[in-house]
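J.: Just passing along the structure, written as structure tokens.
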Amino acid sequence: MRIGVDMRGLLTGKRSGVEQYTLKILENLLSLDRHNTYVLFYVSYRDLDERFKKLLAEAPFLKQSNVEVKTLQWINFPLLLHAVWKPLDWPKADKICNGLDLMWLPFPRLLPVSKSCRLVITFHDLIPEIFPQFYTWQSRLWHWQMSYPYLARRADKIIAVSQNTKDDLIRIYGVDAKKIQVVYEGVEESYFQTPSVNSRQNVRRKFKIGQDFIYYVGSLEPRKNLPMVIRGFAYLKTQPQFDKIKLVISGGKSWLADSIYEEVSNLKLKKSVVFTGPVTEMEKIALLYQARAFAFPSLYEGFGLPVIEAFAAGCPVITSNVSALPEVADGAAALIDPQDQDGFNRALEKILTHSSYPHNLITKGKLQAKKFSWAKAANQTLNVFLNGPRREI
């Protein structure tokens, strides 16, 4: 088979969960499958060719012998693409790629393909539909022009990263359950390995933190519910035994994040809250390994990969009892109502003051994390590619 892969999402300059998912699935697919040809497609415009060269340097597995690269010379402006690609359904990406049996979109984006080319799309969540208030008008416009309901109908097969996302696709878009396959995300083996003493010391030295801290990693945006974490941390700081504890927050500033910094300032916590900005994978592992607790009370997640990563690193987790998080945690985390501040405070305090409770969470978490691997996810993804229904021409 000739399998196309839409690479546009990897050339935005960001490395969020969707980009990580795309790279990890591709890396393991290409390790698993040397028989089929993978055609990497993107729109060539301005500096995107240079970005693709940088990506190849960072991900050399994309250079193996059964990989081709095809580009479309086009103005890469989303609203223009929407205006042309949706009504005209042209130009056909599979034709640009010299013929494809299948085109895989690791994230839903408009991309015309011929009727003879099967279309497989991974849906991570429907959060813009459920919580539009958590997005700027520019973001809402961007999501609108991607036409998710149209793409869900257009796809021959949909990969959902959780049963919760599958249920949302059925409930909100009316997608036929039979064409949705749940394929969970994975966690790297490196998260299960104990970081070296030097790496642990280096990360504490770099960010000026001691050995006593609570951790959060992820984007800084309203949906992540970080003010709850900050208020819970402020509650702890009223108790003498937590005088020196810190809250460490890692991740890039996203949209509508000002309230997070305002909460820290209003509660007079500037000396106790450390914003690291984005961290490397190894820095994240070292921080998770040393943290007293990982706080992730998100209001909604399509999967919740940071929870699994924290499990693997041996960090007790507090997370929400909504969306895909209970499905992913499966009894290995302290689950709280993301609207219940007192409940979050009590869960955090229990982890920090009870000797057996965090130990039990760590034991359960490591066992739960073992259920998720990128190799398993890639194998299931390949099965979707190979065993899906054929289009009628």
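Ligands are numbered from 1 in the order shown, chains are lettered A, B, ... in the order of the structure tokens, and residues start at 1 in each chain.
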For the contact check between segment 96-151 of chain A and segment 26-42 of chain A, emit one row per residue of segment 96-151 of chain A within 9 Å, containing the shortest atom pair and the distance in Å rounded to one decimal, counting only C-alpha atoms, chain then rising number order, as JSON lines.
T.:
```
{"residue": "A:Ile96", "atom": "CA", "partner": "A:Phe41", "partner_atom": "CA", "distance": 8.7}
{"residue": "A:Cys97", "atom": "CA", "partner": "A:Val39", "partner_atom": "CA", "distance": 6.9}
{"residue": "A:Leu100", "atom": "CA", "partner": "A:Val39", "partner_atom": "CA", "distance": 8.3}
{"residue": "A:Met103", "atom": "CA", "partner": "A:Val39", "partner_atom": "CA", "distance": 8.9}
```
J.: With DSSP run on the backbone, what are the strand (DSSP E or B) residues within segment 121-308 of chain A? I'd like them as number ranges by chain.
T.: A: 121-123, 157-160, 180-182, 213-217, 220, 246-250, 253, 273-277, 293-296
J.: Just give me the gap between atom CA of Ala377 of chain A and atom CA of Ala332 of chain A in Å, one decimal is fine.
T.: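 Here the two named atoms are 21.0 Å from each other.
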J.: Would you please extract all helix (DSSP H, G or I) residues from segment 119-163 of chain A, as assigned by DSSP on the backbone, and give them as a ChimeraX atom specification?
T.: /A:127-130,132-134,137-146,148-154,163
J.: Let's have the selection written as a PDB file, in the first residue's frame, with N, CA and C atoms.
T.:
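The new file selection.pdb reads:
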```
ATOM      1  N   ILE A 127     -13.127  19.198  22.274  1.00  0.00           N
ATOM      2  CA  ILE A 127     -13.159  20.249  23.291  1.00  0.00           C
ATOM      3  C   ILE A 127     -13.641  21.594  22.738  1.00  0.00           C
ATOM      4  N   PRO A 128     -13.256  22.009  21.513  1.00  0.00           N
ATOM      5  CA  PRO A 128     -13.786  23.281  21.001  1.00  0.00           C
ATOM      6  C   PRO A 128     -15.315  23.314  20.918  1.00  0.00           C
ATOM      7  N   GLU A 129     -15.935  22.149  20.724  1.00  0.00           N
ATOM      8  CA  GLU A 129     -17.389  22.074  20.687  1.00  0.00           C
ATOM      9  C   GLU A 129     -17.987  22.149  22.095  1.00  0.00           C
ATOM     10  N   ILE A 130     -17.272  21.572  23.066  1.00  0.00           N
ATOM     11  CA  ILE A 130     -17.803  21.439  24.416  1.00  0.00           C
ATOM     12  C   ILE A 130     -17.521  22.679  25.268  1.00  0.00           C
ATOM     13  N   PRO A 132     -16.293  26.092  24.090  1.00  0.00           N
ATOM     14  CA  PRO A 132     -15.839  27.178  23.199  1.00  0.00           C
ATOM     15  C   PRO A 132     -15.392  28.421  23.964  1.00  0.00           C
ATOM     16  N   GLN A 133     -15.897  28.600  25.199  1.00  0.00           N
ATOM     17  CA  GLN A 133     -15.552  29.791  25.975  1.00  0.00           C
ATOM     18  C   GLN A 133     -14.082  29.809  26.402  1.00  0.00           C
ATOM     19  N   PHE A 134     -13.409  28.678  26.286  1.00  0.00           N
ATOM     20  CA  PHE A 134     -12.008  28.614  26.681  1.00  0.00           C
ATOM     21  C   PHE A 134     -11.051  28.945  25.535  1.00  0.00           C
ATOM     22  N   TRP A 137     -11.382  34.284  20.098  1.00  0.00           N
ATOM     23  CA  TRP A 137     -12.185  34.284  18.868  1.00  0.00           C
ATOM     24  C   TRP A 137     -11.350  33.818  17.680  1.00  0.00           C
ATOM     25  N   GLN A 138     -10.027  34.121  17.706  1.00  0.00           N
ATOM     26  CA  GLN A 138      -9.172  33.653  16.607  1.00  0.00           C
ATOM     27  C   GLN A 138      -9.097  32.126  16.598  1.00  0.00           C
ATOM     28  N   SER A 139      -8.973  31.536  17.806  1.00  0.00           N
ATOM     29  CA  SER A 139      -8.921  30.073  17.891  1.00  0.00           C
ATOM     30  C   SER A 139     -10.235  29.445  17.474  1.00  0.00           C
ATOM     31  N   ARG A 140     -11.355  30.073  17.875  1.00  0.00           N
ATOM     32  CA  ARG A 140     -12.655  29.537  17.483  1.00  0.00           C
ATOM     33  C   ARG A 140     -12.842  29.607  15.969  1.00  0.00           C
ATOM     34  N   LEU A 141     -12.349  30.686  15.366  1.00  0.00           N
ATOM     35  CA  LEU A 141     -12.418  30.812  13.912  1.00  0.00           C
ATOM     36  C   LEU A 141     -11.585  29.738  13.241  1.00  0.00           C
ATOM     37  N   TRP A 142     -10.398  29.492  13.799  1.00  0.00           N
ATOM     38  CA  TRP A 142      -9.505  28.464  13.241  1.00  0.00           C
ATOM     39  C   TRP A 142     -10.173  27.088  13.304  1.00  0.00           C
ATOM     40  N   HIS A 143     -10.762  26.766  14.454  1.00  0.00           N
ATOM     41  CA  HIS A 143     -11.426  25.467  14.596  1.00  0.00           C
ATOM     42  C   HIS A 143     -12.637  25.366  13.669  1.00  0.00           C
ATOM     43  N   TRP A 144     -13.368  26.474  13.523  1.00  0.00           N
ATOM     44  CA  TRP A 144     -14.534  26.452  12.632  1.00  0.00           C
ATOM     45  C   TRP A 144     -14.128  26.123  11.211  1.00  0.00           C
ATOM     46  N   GLN A 145     -13.065  26.775  10.721  1.00  0.00           N
ATOM     47  CA  GLN A 145     -12.702  26.562   9.322  1.00  0.00           C
ATOM     48  C   GLN A 145     -12.099  25.180   9.074  1.00  0.00           C
ATOM     49  N   MET A 146     -11.720  24.454  10.139  1.00  0.00           N
ATOM     50  CA  MET A 146     -11.256  23.081   9.965  1.00  0.00           C
ATOM     51  C   MET A 146     -12.404  22.108   9.702  1.00  0.00           C
ATOM     52  N   TYR A 148     -14.714  20.226  11.518  1.00  0.00           N
ATOM     53  CA  TYR A 148     -14.643  18.908  12.143  1.00  0.00           C
ATOM     54  C   TYR A 148     -15.866  18.024  11.860  1.00  0.00           C
ATOM     55  N   PRO A 149     -17.102  18.552  11.927  1.00  0.00           N
ATOM     56  CA  PRO A 149     -18.251  17.671  11.631  1.00  0.00           C
ATOM     57  C   PRO A 149     -18.196  17.119  10.207  1.00  0.00           C
ATOM     58  N   TYR A 150     -17.816  17.977   9.256  1.00  0.00           N
ATOM     59  CA  TYR A 150     -17.688  17.536   7.864  1.00  0.00           C
ATOM     60  C   TYR A 150     -16.625  16.441   7.740  1.00  0.00           C
ATOM     61  N   LEU A 151     -15.481  16.651   8.396  1.00  0.00           N
ATOM     62  CA  LEU A 151     -14.403  15.666   8.312  1.00  0.00           C
ATOM     63  C   LEU A 151     -14.802  14.344   8.963  1.00  0.00           C
ATOM     64  N   ALA A 152     -15.537  14.416  10.068  1.00  0.00           N
ATOM     65  CA  ALA A 152     -15.986  13.190  10.730  1.00  0.00           C
ATOM     66  C   ALA A 152     -16.905  12.384   9.811  1.00  0.00           C
ATOM     67  N   ARG A 153     -17.766  13.084   9.065  1.00  0.00           N
ATOM     68  CA  ARG A 153     -18.643  12.393   8.105  1.00  0.00           C
ATOM     69  C   ARG A 153     -17.844  11.878   6.911  1.00  0.00           C
ATOM     70  N   ARG A 154     -16.879  12.660   6.471  1.00  0.00           N
ATOM     71  CA  ARG A 154     -16.109  12.349   5.265  1.00  0.00           C
ATOM     72  C   ARG A 154     -15.163  11.167   5.454  1.00  0.00           C
ATOM     73  N   GLN A 163     -12.200   5.937  24.647  1.00  0.00           N
ATOM     74  CA  GLN A 163     -13.616   5.622  24.510  1.00  0.00           C
ATOM     75  C   GLN A 163     -14.455   6.876  24.717  1.00  0.00           C
TER      76      GLN A 163
END
```
J.: Fewer than 2 positions away in the same chain doesn't count, so skip those; otherwise give me all residues within 12 Å of segment 380-384 of chain A, counting only C-alpha atoms, as JSON, numbers by chain.
T.: {"A": [1, 3, 21, 22, 24, 25, 26, 28, 29, 30, 31, 32, 33, 34, 35, 36, 38, 102, 103, 104, 105, 106, 118, 119, 120, 121, 122, 156, 157, 158, 159, 160, 161, 179, 180, 181, 182, 183, 184, 185, 186, 372, 373, 374, 375, 376, 377, 378, 386, 387, 388, 389, 390]}
J.: Which residues of segment 189-305 of chain A sit at most 7 Å from segment 337-360 of chain A, using only C-alpha atoms? Give each one's shortest atom pair and distance in Å (one decimal place), in chain and ascending residue order, as a tab-separated table.
T.:
```
residue	atom	partner	partner_atom	distance
A:Met228	CA	A:Gln341	CA	6.4
A:Gly232	CA	A:Asn345	CA	5.0
A:Arg292	CA	A:Leu352	CA	6.9
A:Pro297	CA	A:Pro338	CA	5.5
A:Ser298	CA	A:Pro338	CA	6.7
A:Leu299	CA	A:Pro338	CA	6.0
```
J.: For the residues in the current selection, export N, CA and C atoms as a CSV table (one decimal), in the first residue's frame.
T.:
```csv
chain,number,residue,atom,x,y,z
A,228,MET,N,-7.2,26.2,40.3
A,228,MET,CA,-7.5,25.2,41.3
A,228,MET,C,-6.2,24.7,42.0
A,232,GLY,N,-5.1,25.4,45.8
A,232,GLY,CA,-4.9,24.3,46.7
A,232,GLY,C,-3.5,24.4,47.3
A,292,ARG,N,6.4,15.5,44.9
A,292,ARG,CA,5.6,14.8,45.9
A,292,ARG,C,4.2,14.4,45.3
A,297,PRO,N,-6.0,18.7,37.5
A,297,PRO,CA,-7.4,18.7,37.6
A,297,PRO,C,-8.1,19.3,36.4
A,298,SER,N,-7.7,18.9,35.2
A,298,SER,CA,-8.3,19.4,34.0
A,298,SER,C,-9.8,19.3,33.9
A,299,LEU,N,-10.4,20.3,33.2
A,299,LEU,CA,-11.8,20.3,33.0
A,299,LEU,C,-12.3,19.3,31.9
```
J.: Please, what distance in Å, to one decimal, runs between atom CA of Trp74 of chain A and atom CA of Ala57 of chain A?
T.: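 Distance reported for this atom pair: 24.1 Å.
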J.: Which polymer residues have any atom within 7 Å of an atom of Leu335 of chain A, counting only C-alpha atoms, with same-chain residues fewer than 2 positions away left out, as a PyMOL selection string?
T.: chain A and resi 318-321+333
J.: For atom CA of Asn198 of chain A and atom CA of Glu283 of chain A, determine how far apart the two atoms are, in Å to one decimal place.
T.: 11.4 Å
J.: Would you tabulate, counting only C-alpha atoms, all residues of segment 204-260 of chain A that have an atom at most 12 Å from an atom of segment 5-16 of chain A, showing the closest pair of atoms and their distance in Å to one decimal, sorted by chain then ascending number, as JSON lines?
T.:
```
{"residue": "A:Val217", "atom": "CA", "partner": "A:Ser16", "partner_atom": "CA", "distance": 11.2}
{"residue": "A:Gly218", "atom": "CA", "partner": "A:Ser16", "partner_atom": "CA", "distance": 8.3}
{"residue": "A:Ser219", "atom": "CA", "partner": "A:Ser16", "partner_atom": "CA", "distance": 7.8}
{"residue": "A:Leu220", "atom": "CA", "partner": "A:Ser16", "partner_atom": "CA", "distance": 11.4}
{"residue": "A:Gly251", "atom": "CA", "partner": "A:Ser16", "partner_atom": "CA", "distance": 9.4}
{"residue": "A:Gly252", "atom": "CA", "partner": "A:Ser16", "partner_atom": "CA", "distance": 9.2}
{"residue": "A:Lys253", "atom": "CA", "partner": "A:Lys14", "partner_atom": "CA", "distance": 11.6}
{"residue": "A:Ser254", "atom": "CA", "partner": "A:Ser16", "partner_atom": "CA", "distance": 10.8}
```
J.: Which residue gives the smallest distance to Gly99 of chain A among A:Thr280, A:Ser116, A:Asn379, A:Gln193, with only C-alpha atoms counted?
T.: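 The answer is A:Ser116, which sits nearest to Gly99 of chain A.
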J.: Write out as a list in words the residues lying within 8 Å of Pro112 of chain A, counting only C-alpha atoms and excluding same-chain residues fewer than 6 positions away.
T.: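 Surrounding residues, per the criterion: Trp85, Lys86, Asp89, Trp90, Pro91, Lys92 and Ala93 of chain A.
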J.: Please determine, counting only C-alpha atoms, which residue among A:Leu48, A:Tyr215, A:Tyr300, A:Glu221 has the shortest atom-to-atom distance to Trp255 of chain A.
T.: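 Nearest candidate to Trp255 of chain A out of A:Leu48, A:Tyr215, A:Tyr300, A:Glu221: A:Glu221.
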J.: Counting only C-alpha atoms, figure out which residue out of A:Arg223, A:Lys371, A:Arg204, A:Lys237 gets nearest to Ala291 of chain A.
T.: A:Arg204
